[in-house]
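Novice: Here you go, this is input-v2.cif (mmCIF, C-alpha atoms).
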data_my_file
#
loop_
_atom_site.group_PDB
_atom_site.id
_atom_site.type_symbol
_atom_site.label_atom_id
_atom_site.label_comp_id
_atom_site.auth_asym_id
_atom_site.auth_seq_id
_atom_site.Cartn_x
_atom_site.Cartn_y
_atom_site.Cartn_z
ATOM 1 C CA MET M 147 -111.581 129.187 31.783
ATOM 2 C CA GLN M 148 -109.469 126.849 29.703
ATOM 3 C CA VAL M 149 -105.798 126.284 30.641
ATOM 4 C CA TYR M 150 -103.237 124.459 28.539
ATOM 5 C CA LEU M 151 -100.933 122.078 30.413
ATOM 6 C CA ALA M 152 -97.773 120.771 28.745
ATOM 7 C CA ALA M 153 -95.052 118.362 29.874
ATOM 8 C CA VAL M 154 -91.709 118.530 28.088
ATOM 9 C CA GLN M 155 -89.839 115.295 27.425
ATOM 10 C CA ALA M 156 -86.212 116.193 26.797
ATOM 11 C CA GLN M 157 -83.219 114.184 25.651
ATOM 12 C CA ILE M 158 -79.779 115.147 26.939
ATOM 13 C CA LEU M 159 -77.919 116.642 23.968
ATOM 14 C CA PRO M 160 -74.338 117.552 24.988
ATOM 15 C CA GLY M 161 -74.008 120.351 22.455
ATOM 16 C CA SER M 162 -76.935 122.192 24.039
ATOM 17 C CA TYR M 163 -75.020 122.596 27.312
ATOM 18 C CA ARG M 164 -71.691 123.868 25.999
ATOM 19 C CA SER M 165 -72.624 127.560 26.047
ATOM 20 C CA ALA M 166 -75.271 129.816 27.578
ATOM 21 C CA ALA M 167 -76.526 130.704 24.093
ATOM 22 C CA ALA M 168 -76.905 127.045 23.089
ATOM 23 C CA PHE M 169 -78.776 126.209 26.299
ATOM 24 C CA ARG M 170 -81.100 129.186 25.873
ATOM 25 C CA GLU M 171 -81.833 128.270 22.252
ATOM 26 C CA ARG M 172 -82.579 124.655 23.183
ATOM 27 C CA THR M 173 -84.808 125.594 26.138
ATOM 28 C CA VAL M 174 -86.792 128.205 24.212
ATOM 29 C CA SER M 175 -87.256 125.765 21.328
ATOM 30 C CA LEU M 176 -88.633 123.070 23.646
ATOM 31 C CA ALA M 177 -90.978 125.569 25.308
ATOM 32 C CA ARG M 178 -92.330 126.806 21.990
ATOM 33 C CA ALA M 179 -92.886 123.234 20.804
ATOM 34 C CA ALA M 180 -94.709 122.464 24.059
ATOM 35 C CA VAL M 181 -97.357 125.140 23.436
ATOM 36 C CA ALA M 182 -97.717 124.607 19.697
ATOM 37 C CA GLY M 183 -101.113 122.988 20.247
ATOM 38 C CA ALA M 184 -102.395 125.499 22.810
ATOM 39 C CA PRO M 185 -105.566 127.525 22.102
ATOM 40 C CA ALA M 186 -104.637 131.065 21.142
ATOM 41 C CA ASN M 187 -105.912 132.825 24.250
ATOM 42 C CA ALA M 188 -105.541 130.080 26.838
ATOM 43 C CA PRO M 189 -103.110 130.546 29.744
ATOM 44 C CA ARG M 190 -100.337 127.949 29.676
ATOM 45 C CA VAL M 191 -98.244 125.971 32.143
ATOM 46 C CA ILE M 192 -95.125 124.178 30.900
ATOM 47 C CA ALA M 193 -92.997 121.816 32.993
ATOM 48 C CA PHE M 194 -89.424 120.679 32.268
ATOM 49 C CA PRO M 195 -87.868 117.493 33.688
ATOM 50 C CA GLU M 196 -85.829 116.958 36.832
ATOM 51 C CA ALA M 197 -82.065 117.245 36.181
ATOM 52 C CA TYR M 198 -82.662 118.886 32.780
ATOM 53 C CA ALA M 199 -80.161 121.592 33.766
ATOM 54 C CA LEU M 200 -77.716 119.300 35.593
ATOM 55 C CA PRO M 201 -75.375 118.844 32.579
ATOM 56 C CA LEU M 202 -74.661 122.600 32.694
ATOM 57 C CA LEU M 203 -72.615 122.002 35.852
ATOM 58 C CA PHE M 204 -70.314 119.711 33.897
ATOM 59 C CA TRP M 205 -70.312 121.071 30.364
ATOM 60 C CA LEU M 206 -70.990 124.827 30.400
ATOM 61 C CA ASP M 207 -67.830 126.575 29.157
ATOM 62 C CA THR M 208 -65.603 123.612 30.078
ATOM 63 C CA PRO M 209 -62.885 121.801 28.083
ATOM 64 C CA ALA M 210 -63.738 118.913 25.766
ATOM 65 C CA SER M 211 -61.756 116.650 28.093
ATOM 66 C CA VAL M 212 -64.473 117.106 30.726
ATOM 67 C CA LEU M 213 -67.215 116.246 28.257
ATOM 68 C CA ASN M 214 -65.301 113.086 27.310
ATOM 69 C CA ALA M 215 -64.331 112.073 30.850
ATOM 70 C CA PRO M 216 -64.931 108.383 31.688
ATOM 71 C CA GLY M 217 -67.440 109.233 34.406
ATOM 72 C CA SER M 218 -69.156 112.006 36.347
ATOM 73 C CA LEU M 219 -66.832 111.660 39.348
ATOM 74 C CA LYS M 220 -63.673 112.199 37.286
ATOM 75 C CA ALA M 221 -65.314 115.102 35.458
ATOM 76 C CA ALA M 222 -66.336 116.710 38.754
ATOM 77 C CA LEU M 223 -62.879 116.218 40.252
ATOM 78 C CA ALA M 224 -61.235 117.809 37.223
ATOM 79 C CA LEU M 225 -63.524 120.840 37.367
ATOM 80 C CA THR M 226 -63.116 121.160 41.141
ATOM 81 C CA ALA M 227 -59.329 121.042 40.873
ATOM 82 C CA ALA M 228 -59.355 123.713 38.155
ATOM 83 C CA SER M 229 -61.580 125.966 40.287
ATOM 84 C CA LEU M 230 -59.398 125.506 43.367
ATOM 85 C CA ARG M 231 -56.293 126.474 41.436
ATOM 86 C CA ARG M 232 -57.987 129.788 40.678
ATOM 87 C CA GLU M 233 -59.569 130.166 44.127
ATOM 88 C CA PRO M 234 -57.822 127.949 46.728
ATOM 89 C CA ALA M 235 -59.610 129.595 49.688
ATOM 90 C CA ALA M 236 -62.873 128.048 48.475
ATOM 91 C CA LEU M 237 -61.729 124.743 49.950
ATOM 92 C CA TRP M 238 -62.224 126.165 53.450
ATOM 93 C CA ARG M 239 -65.492 127.950 52.765
ATOM 94 C CA HIS M 240 -67.534 125.045 51.406
ATOM 95 C CA PRO M 241 -68.248 121.543 52.759
ATOM 96 C CA ALA M 242 -66.286 118.781 51.043
ATOM 97 C CA PRO M 243 -69.194 116.463 50.103
ATOM 98 C CA ASP M 244 -70.613 118.991 47.649
ATOM 99 C CA LEU M 245 -67.661 121.286 46.966
ATOM 100 C CA PHE M 246 -68.090 120.736 43.225
ATOM 101 C CA TYR M 247 -71.662 122.077 43.300
ATOM 102 C CA HIS M 248 -70.701 125.128 45.388
ATOM 103 C CA LEU M 249 -67.966 126.043 42.943
ATOM 104 C CA ARG M 250 -69.887 125.425 39.732
ATOM 105 C CA LEU M 251 -73.446 126.573 40.425
ATOM 106 C CA PRO M 252 -72.678 130.327 40.650
ATOM 107 C CA GLN M 253 -71.152 130.026 37.170
ATOM 108 C CA VAL M 254 -74.157 128.124 35.828
ATOM 109 C CA TRP M 255 -77.018 130.070 37.430
ATOM 110 C CA PRO M 256 -76.981 133.062 35.022
ATOM 111 C CA ALA M 257 -77.325 130.719 32.028
ATOM 112 C CA TYR M 258 -80.184 128.862 33.744
ATOM 113 C CA LEU M 259 -81.971 132.060 34.714
ATOM 114 C CA GLN M 260 -81.681 133.635 31.273
ATOM 115 C CA ALA M 261 -82.750 130.496 29.402
ATOM 116 C CA PHE M 262 -85.912 129.802 31.376
ATOM 117 C CA ALA M 263 -86.893 133.464 31.606
ATOM 118 C CA ALA M 264 -86.624 133.654 27.823
ATOM 119 C CA ALA M 265 -88.610 130.420 27.462
ATOM 120 C CA ALA M 266 -91.407 131.752 29.685
ATOM 121 C CA ARG M 267 -91.653 134.972 27.699
ATOM 122 C CA ALA M 268 -91.436 133.228 24.313
ATOM 123 C CA SER M 269 -94.213 130.765 25.185
ATOM 124 C CA ASP M 270 -96.255 133.215 27.296
ATOM 125 C CA ALA M 271 -96.447 130.503 29.954
ATOM 126 C CA TYR M 272 -95.764 129.714 33.563
ATOM 127 C CA VAL M 273 -92.649 127.568 33.324
ATOM 128 C CA ILE M 274 -91.448 125.054 35.876
ATOM 129 C CA GLY M 275 -87.751 124.942 35.095
ATOM 130 C CA GLY M 276 -85.764 121.736 35.006
ATOM 131 C CA SER M 277 -83.916 121.072 38.238
ATOM 132 C CA LEU M 278 -80.229 121.467 38.918
ATOM 133 C CA MET M 279 -78.131 120.647 41.977
ATOM 134 C CA GLY M 280 -76.241 122.899 44.335
ATOM 135 C CA PRO M 281 -76.580 125.442 47.148
ATOM 136 C CA LEU M 282 -79.193 128.145 47.418
ATOM 137 C CA LEU M 283 -78.112 131.237 45.516
ATOM 138 C CA ASP M 284 -79.225 134.770 46.262
ATOM 139 C CA GLU M 285 -78.485 138.185 44.796
ATOM 140 C CA GLU M 286 -78.286 141.754 46.049
ATOM 141 C CA PRO M 287 -76.722 144.886 44.568
ATOM 142 C CA ALA M 288 -73.590 145.068 46.721
ATOM 143 C CA ARG M 289 -72.662 141.379 46.433
ATOM 144 C CA GLY M 290 -74.186 140.278 43.166
ATOM 145 C CA VAL M 291 -74.965 136.544 43.020
ATOM 146 C CA PHE M 292 -73.706 134.736 46.111
ATOM 147 C CA VAL M 293 -73.959 131.328 47.788
ATOM 148 C CA ALA M 294 -76.548 131.514 50.566
ATOM 149 C CA SER M 295 -76.479 127.993 52.046
ATOM 150 C CA ARG M 296 -73.749 125.664 53.256
ATOM 151 C CA ARG M 297 -75.226 122.476 51.829
ATOM 152 C CA SER M 298 -76.651 121.559 48.427
ATOM 153 C CA TYR M 299 -80.127 120.648 47.223
ATOM 154 C CA ASN M 300 -81.897 119.266 44.158
ATOM 155 C CA TRP M 301 -83.928 122.355 43.310
ATOM 156 C CA LEU M 302 -85.538 124.302 40.505
ATOM 157 C CA ALA M 303 -87.074 127.695 39.777
ATOM 158 C CA VAL M 304 -90.637 128.479 38.708
ATOM 159 C CA PHE M 305 -91.082 131.379 36.273
ATOM 160 C CA SER M 306 -94.032 133.639 35.497
ATOM 161 C CA PRO M 307 -94.971 134.432 31.876
ATOM 162 C CA ALA M 308 -93.074 137.702 32.373
ATOM 163 C CA GLY M 309 -89.902 135.724 33.071
ATOM 164 C CA ARG M 310 -89.699 136.441 36.810
ATOM 165 C CA VAL M 311 -88.769 133.769 39.334
ATOM 166 C CA LEU M 312 -91.776 133.035 41.568
ATOM 167 C CA ALA M 313 -90.391 130.259 43.765
ATOM 168 C CA ARG M 314 -87.483 127.821 44.169
ATOM 169 C CA PRO M 315 -88.809 124.503 45.489
ATOM 170 C CA ALA M 316 -86.382 121.717 46.392
ATOM 171 C CA LYS M 317 -86.679 117.952 46.523
ATOM 172 C CA VAL M 318 -87.596 116.590 49.963
ATOM 173 C CA ARG M 319 -87.323 112.791 49.659
ATOM 174 C CA LEU M 320 -83.906 111.915 48.277
ATOM 175 C CA THR M 321 -82.724 108.701 46.664
ATOM 176 C CA PRO M 322 -79.762 106.881 48.298
ATOM 177 C CA ALA M 323 -77.443 108.257 45.621
ATOM 178 C CA GLU M 324 -78.670 111.824 46.194
ATOM 179 C CA ARG M 325 -78.201 111.600 49.964
ATOM 180 C CA ARG M 326 -74.441 111.266 49.469
ATOM 181 C CA ALA M 327 -74.216 114.848 48.194
ATOM 182 C CA PHE M 328 -77.467 116.690 48.957
ATOM 183 C CA ILE M 329 -79.809 117.358 51.850
ATOM 184 C CA SER M 330 -83.584 117.385 52.007
ATOM 185 C CA GLY M 331 -85.358 120.496 50.809
ATOM 186 C CA ALA M 332 -87.949 120.373 53.598
ATOM 187 C CA GLY M 333 -88.480 123.982 54.615
ATOM 188 C CA PHE M 334 -86.671 125.263 51.514
ATOM 189 C CA GLY M 335 -88.588 127.284 48.912
ATOM 190 C CA ALA M 336 -92.290 126.758 48.309
ATOM 191 C CA GLN M 337 -93.820 123.495 47.112
ATOM 192 C CA VAL M 338 -97.122 125.365 46.644
ATOM 193 C CA LEU M 339 -97.239 128.830 45.112
ATOM 194 C CA ARG M 340 -100.109 131.186 44.436
ATOM 195 C CA THR M 341 -100.403 132.552 40.903
ATOM 196 C CA ALA M 342 -102.978 134.296 38.737
ATOM 197 C CA LEU M 343 -104.063 130.771 37.729
ATOM 198 C CA GLY M 344 -104.579 129.687 41.317
ATOM 199 C CA ARG M 345 -102.295 127.512 43.435
ATOM 200 C CA LEU M 346 -99.710 125.317 41.723
ATOM 201 C CA GLY M 347 -97.869 122.497 43.498
ATOM 202 C CA VAL M 348 -94.375 121.226 42.660
ATOM 203 C CA LEU M 349 -93.024 117.935 44.016
ATOM 204 C CA ILE M 350 -89.815 116.768 42.387
ATOM 205 C CA CYS M 351 -89.871 113.152 41.176
ATOM 206 C CA LEU M 352 -89.829 110.801 44.207
ATOM 207 C CA ASP M 353 -91.638 113.420 46.325
ATOM 208 C CA ALA M 354 -94.862 112.943 44.361
ATOM 209 C CA PHE M 355 -94.931 109.224 45.228
ATOM 210 C CA HIS M 356 -95.064 110.059 48.958
ATOM 211 C CA GLU M 357 -98.581 110.302 50.319
ATOM 212 C CA SER M 358 -97.721 112.800 53.069
ATOM 213 C CA LEU M 359 -96.263 115.314 50.602
ATOM 214 C CA VAL M 360 -99.166 115.011 48.165
ATOM 215 C CA GLU M 361 -101.533 115.498 51.114
ATOM 216 C CA ARG M 362 -99.665 118.681 52.039
ATOM 217 C CA VAL M 363 -99.957 120.092 48.508
ATOM 218 C CA ASP M 364 -103.643 119.202 48.316
ATOM 219 C CA ALA M 365 -104.366 120.716 51.740
ATOM 220 C CA ALA M 366 -102.654 123.938 50.666
ATOM 221 C CA GLY M 367 -105.241 124.312 47.909
ATOM 222 C CA ALA M 368 -103.242 123.459 44.773
ATOM 223 C CA TRP M 369 -105.250 122.344 41.750
ATOM 224 C CA LEU M 370 -102.189 121.287 39.720
ATOM 225 C CA LEU M 371 -99.367 118.983 40.816
ATOM 226 C CA VAL M 372 -96.152 119.150 38.773
ATOM 227 C CA GLN M 373 -93.735 116.227 39.116
ATOM 228 C CA PRO M 374 -90.465 116.893 37.221
ATOM 229 C CA SER M 375 -88.714 113.533 36.908
ATOM 230 C CA ALA M 376 -85.480 111.862 35.810
ATOM 231 C CA ASN M 377 -85.742 108.098 36.146
ATOM 232 C CA ALA M 378 -82.397 106.282 35.960
ATOM 233 C CA ALA M 379 -83.855 102.960 34.853
ATOM 234 C CA ALA M 380 -84.904 101.272 31.632
ATOM 235 C CA TRP M 381 -88.566 102.125 31.091
ATOM 236 C CA ASN M 382 -89.355 98.655 29.775
ATOM 237 C CA GLY M 383 -86.965 96.901 32.135
ATOM 238 C CA PRO M 384 -87.445 95.364 35.590
ATOM 239 C CA TRP M 385 -88.689 97.593 38.410
ATOM 240 C CA SER M 386 -85.957 98.313 40.946
ATOM 241 C CA ALA M 387 -88.185 97.371 43.914
ATOM 242 C CA ASP M 388 -89.505 94.166 42.350
ATOM 243 C CA PRO M 389 -87.802 92.739 39.225
ATOM 244 C CA ALA M 390 -90.927 90.716 38.446
ATOM 245 C CA GLN M 391 -92.664 93.979 37.472
ATOM 246 C CA VAL M 392 -91.911 96.415 34.619
ATOM 247 C CA GLU M 393 -90.556 99.847 35.559
ATOM 248 C CA GLY M 394 -92.740 101.904 33.237
ATOM 249 C CA GLU M 395 -95.887 99.958 34.020
ATOM 250 C CA VAL M 396 -95.422 100.542 37.741
ATOM 251 C CA TRP M 397 -94.633 104.221 37.143
ATOM 252 C CA LEU M 398 -97.866 104.818 35.256
ATOM 253 C CA ARG M 399 -99.990 102.608 37.515
ATOM 254 C CA GLU M 400 -98.778 104.191 40.769
ATOM 255 C CA GLY M 401 -98.073 107.693 39.458
ATOM 256 C CA LEU M 402 -99.952 110.967 39.218
ATOM 257 C CA ALA M 403 -103.248 109.627 37.863
ATOM 258 C CA LYS M 404 -103.575 107.452 40.969
ATOM 259 C CA MET M 405 -102.156 110.009 43.411
ATOM 260 C CA LEU M 406 -104.741 112.593 42.284
ATOM 261 C CA GLU M 407 -107.737 110.393 42.994
ATOM 262 C CA GLY M 408 -110.162 111.576 45.675
ATOM 263 C CA ARG M 409 -108.334 114.814 46.526
ATOM 264 C CA GLU M 410 -110.085 117.910 47.775
ATOM 265 C CA ASN M 411 -108.313 120.348 45.464
ATOM 266 C CA LEU M 412 -105.817 118.565 43.208
ATOM 267 C CA ARG M 413 -107.289 117.774 39.800
ATOM 268 C CA TYR M 414 -104.483 117.639 37.265
ATOM 269 C CA GLY M 415 -100.830 116.659 37.059
ATOM 270 C CA LEU M 416 -97.787 117.144 34.835
ATOM 271 C CA ASN M 417 -94.943 114.627 34.732
ATOM 272 C CA PRO M 418 -92.129 115.776 32.403
ATOM 273 C CA MET M 419 -89.315 113.231 32.089
ATOM 274 C CA LEU M 420 -85.645 113.355 31.113
ATOM 275 C CA ASN M 421 -83.934 110.803 28.901
ATOM 276 C CA GLY M 422 -80.501 110.086 27.513
ATOM 277 C CA ASP M 423 -77.030 109.774 28.982
ATOM 278 C CA LEU M 424 -74.991 111.844 31.418
ATOM 279 C CA TYR M 425 -71.721 109.959 31.820
ATOM 280 C CA GLU M 426 -72.571 106.648 33.535
ATOM 281 C CA MET M 427 -76.164 107.702 34.195
ATOM 282 C CA HIS M 428 -78.900 106.678 31.759
ATOM 283 C CA PHE M 429 -82.467 108.035 31.928
ATOM 284 C CA GLU M 430 -85.707 106.934 30.273
ATOM 285 C CA GLY M 431 -89.372 107.820 30.667
ATOM 286 C CA LEU M 432 -92.664 108.846 29.080
ATOM 287 C CA SER M 433 -93.864 112.372 29.840
ATOM 288 C CA SER M 434 -97.555 112.689 30.657
ATOM 289 C CA VAL M 435 -100.487 114.912 31.575
ATOM 290 C CA ALA M 436 -102.858 113.351 34.104
ATOM 291 C CA ALA M 437 -106.252 113.863 35.674
ATOM 292 C CA ALA M 438 -107.606 111.929 38.632
ATOM 293 C CA GLY M 439 -107.719 108.280 37.604
ATOM 294 C CA ARG M 440 -106.683 108.753 33.978
ATOM 295 C CA LEU M 441 -104.024 110.026 31.606
ATOM 296 C CA LEU M 442 -104.937 112.930 29.343
ATOM 297 C CA ALA M 443 -101.770 112.725 27.239
ATOM 298 C CA LEU M 444 -98.764 110.404 27.097
ATOM 299 C CA ALA M 445 -95.575 110.484 25.016
ATOM 300 C CA GLY M 446 -95.105 107.647 22.546
ATOM 301 C CA GLU M 447 -91.511 106.593 23.259
ATOM 302 C CA PRO M 448 -89.306 106.724 26.406
ATOM 303 C CA LEU M 449 -86.368 108.215 24.487
ATOM 304 C CA GLY M 450 -86.089 111.413 22.465
ATOM 305 C CA ASP M 451 -87.783 114.796 22.609
ATOM 306 C CA ALA M 452 -91.542 115.092 22.889
ATOM 307 C CA ALA M 453 -94.168 117.545 24.061
ATOM 308 C CA VAL M 454 -97.472 116.311 25.441
ATOM 309 C CA GLY M 455 -100.285 118.693 26.265
ATOM 310 C CA ALA M 456 -103.951 118.922 27.156
ATOM 311 C CA VAL M 457 -106.606 121.589 27.552
ATOM 312 C CA VAL M 458 -108.289 121.537 30.973
ATOM 313 C CA GLU M 459 -111.000 123.597 32.640
ATOM 314 C CA LEU M 460 -109.690 125.687 35.521
ATOM 315 C CA ALA M 461 -113.170 125.888 37.075
ATOM 316 C CA ASP M 462 -113.064 122.102 37.529
ATOM 317 C CA ALA M 463 -109.812 122.527 39.424
ATOM 318 C CA ARG M 464 -111.195 124.964 41.987
ATOM 319 C CA GLY M 465 -108.522 127.453 40.985
#
Please express the file's structure as C-alpha cells.
Specialist:
Amino acid sequence: MQVYLAAVQAQILPGSYRSAAAFRERTVSLARAAVAGAPANAPRVIAFPEAYALPLLFWLDTPASVLNAPGSLKAALALTAASLRREPAALWRHPAPDLFYHLRLPQVWPAYLQAFAAAARASDAYVIGGSLMGPLLDEEPARGVFVASRRSYNWLAVFSPAGRVLARPAKVRLTPAERRAFISGAGFGAQVLRTALGRLGVLICLDAFHESLVERVDAAGAWLLVQPSANAAAWNGPWSADPAQVEGEVWLREGLAKMLEGRENLRYGLNPMLNGDLYEMHFEGLSSVAAAGRLLALAGEPLGDAAVGAVVELADARG
C-alpha cells in the first residue's frame, strides 16, 4: 500500500497567531498544501515543526504591546503580571520557573486543538502537530480543561484523520536553554503510537539525534520516525559544536537519513522545520523526507513556507 509522507516547513507569521481563527486558517492552509501532491486514495501523514505553536502563548488575544516587546522575557513578564492581576492565587499554585506557561497554556490549548483537528480532517491525514510549551492539560466534564502537572514540557499532540488526539509525546533531551524552564518528557505521553497505518514514532528535534531514543522507537516496531524541529542557528552558518563545519551540512549528514540506516523496523523519516523570528530567537532549516541512507525530498531554501512530500510503500516499512 502506498502512503504519502509530508513535512511542513513553516515561517513564523505574527498575524497568524493573533486569533484562534487566524491560527486555524493558517494551519489548515499549510496542511492542504502539504498533501497537494498526494495520490487520491493514499493514506497521508503530515508533520508540523517543533515550536510552530509556541507564538500562540505570546500573541493569542494579547495587546500589540506584547507583540512589539523588545524580547520574549519582557513579553512573558507582561503577560504573567496581567494574569496575576486577574488571578493572584495562581502565584501559589504554580512553580515560579514556568509560571508563564501554566497561566497561558490553558488559554491557548483550545485554539491549538481546534486548528490541528481541522487540519487533520481537511487533509484526511494523520497530523503530528507543531509543539508548544507548558504543563500537561487534561479535561473532564466537571472541571473542563485543567492543568494536570506541576512542571512544564516541550510537547505536541498527534491527530487522527478524524481529528481526534491519539497521543501527546514530549521532548526528552532538552537543550541548555530549555532546561531553565522545562523538564524532560521521559515517561510522558507516547513516543511510539499504534495506528491503522502501523506504528509511528515521534522524537522531537534533539531527541532524534540520540542513539538510545532512536533504538527505543525502532525496538517498539515503528516504521516511521517523525522529528519536528526548530533550529535556532543560521542554516549556512557555523555549526555550534564545531565552527569549522556548516550547520546545515552537519544536520543533513548526521540526521534522519543516517539514523535510519540498518534498523530492524524504521524505514522512513519526516523532519519538518520552523523558520523566522520570535523576539530574539531566529530559526532556519530545510524540511525533508528521508529513507535509510538517502533523502527522498528536501526543501529548496531554509526560510519561508514549503511542503515536501514523497510516496512510500508501507509494505517496505513492515507496517
Novice: For the provided coordinates, the residues matched by the PyMOL selection byres ((chain M and resi 318) around 8) should be stated as a list in words.
Specialist: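 On the file shown, the PyMOL selection byres ((chain M and resi 318) around 8) covers Ala316, Lys317, Arg319, Leu320, Ser330, Gly331, Ala332, Ile350 and Asp353 of chain M.
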Novice: Put those residues in a file: C-alpha atoms, as an mmCIF file, in the frame of the given file.
Specialist:
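The resulting file, selection.cif, is shown below:
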data_model
loop_
_atom_site.group_PDB
_atom_site.id
_atom_site.type_symbol
_atom_site.label_atom_id
_atom_site.label_comp_id
_atom_site.auth_asym_id
_atom_site.auth_seq_id
_atom_site.Cartn_x
_atom_site.Cartn_y
_atom_site.Cartn_z
ATOM 1 C CA ALA M 316 -86.382 121.717 46.392
ATOM 2 C CA LYS M 317 -86.679 117.952 46.523
ATOM 3 C CA ARG M 319 -87.323 112.791 49.659
ATOM 4 C CA LEU M 320 -83.906 111.915 48.277
ATOM 5 C CA SER M 330 -83.584 117.385 52.007
ATOM 6 C CA GLY M 331 -85.358 120.496 50.809
ATOM 7 C CA ALA M 332 -87.949 120.373 53.598
ATOM 8 C CA ILE M 350 -89.815 116.768 42.387
ATOM 9 C CA ASP M 353 -91.638 113.420 46.325
#
Novice: Contacts of Ala186 in chain M at 12 Å or less, counting only C-alpha atoms, minus same-chain residues fewer than 4 places along, as number ranges by chain?
Specialist: M: 148-150, 181-182, 190, 269-270, 457
Novice: Calculated over all atoms listed in the file, which of the candidates M:Leu349, M:Ala156, M:Val291, M:Ala199 has the smallest distance to Leu176 in chain M?
Specialist: M:Ala156
Novice: Using only C-alpha atoms, find all polymer residues with an atom at most 9 Å away from the point (-69.3, 110.3, 35.5); report them as a list in words.
Specialist: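 Within the cut-off we find Ala215, Pro216, Gly217, Ser218, Leu219, Lys220, Ala221, Ala222, Leu424, Tyr425, Glu426 and Met427 of chain M.
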Novice: With C-alpha atoms retained, could you export that selection as an mmCIF file, in the frame of the given file?
Specialist:
data_model
loop_
_atom_site.group_PDB
_atom_site.id
_atom_site.type_symbol
_atom_site.label_atom_id
_atom_site.label_comp_id
_atom_site.auth_asym_id
_atom_site.auth_seq_id
_atom_site.Cartn_x
_atom_site.Cartn_y
_atom_site.Cartn_z
ATOM 1 C CA ALA M 215 -64.331 112.073 30.850
ATOM 2 C CA PRO M 216 -64.931 108.383 31.688
ATOM 3 C CA GLY M 217 -67.440 109.233 34.406
ATOM 4 C CA SER M 218 -69.156 112.006 36.347
ATOM 5 C CA LEU M 219 -66.832 111.660 39.348
ATOM 6 C CA LYS M 220 -63.673 112.199 37.286
ATOM 7 C CA ALA M 221 -65.314 115.102 35.458
ATOM 8 C CA ALA M 222 -66.336 116.710 38.754
ATOM 9 C CA LEU M 424 -74.991 111.844 31.418
ATOM 10 C CA TYR M 425 -71.721 109.959 31.820
ATOM 11 C CA GLU M 426 -72.571 106.648 33.535
ATOM 12 C CA MET M 427 -76.164 107.702 34.195
#
Novice: Near Leu283 in chain M, counting only C-alpha atoms, which residues have an atom at most 9 Å away, once you skip same-chain residues fewer than 2 positions from it, shown as a VMD selection string?
Specialist: chain M and resid 251 to 252 255 280 to 281 285 291 to 295
Novice: What separation in Å, quoted to one decimal, exists between CA of Asn187 in chain M and CA of Val304 in chain M?
Specialist: 21.5 Å
Novice: Suppose you want the space between CA of Leu371 in chain M and CA of Gln337 in chain M; what is it in Å?
Specialist: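 Atom-to-atom, CA of Leu371 in chain M and CA of Gln337 in chain M are spaced 9.5 Å apart.
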Novice: What does the structure give for the distance between CA of Thr321 in chain M and CA of Tyr247 in chain M, in Å to one decimal?
Specialist: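 Between these atoms lies a distance of 17.7 Å.
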Novice: Quick one: which residues end up in the PyMOL selection byres ((chain M and resi 367) around 9) for this structure, as a ChimeraX atom specification?
Specialist: /M:338,344-347,362-366,368-369,410-412,464-465
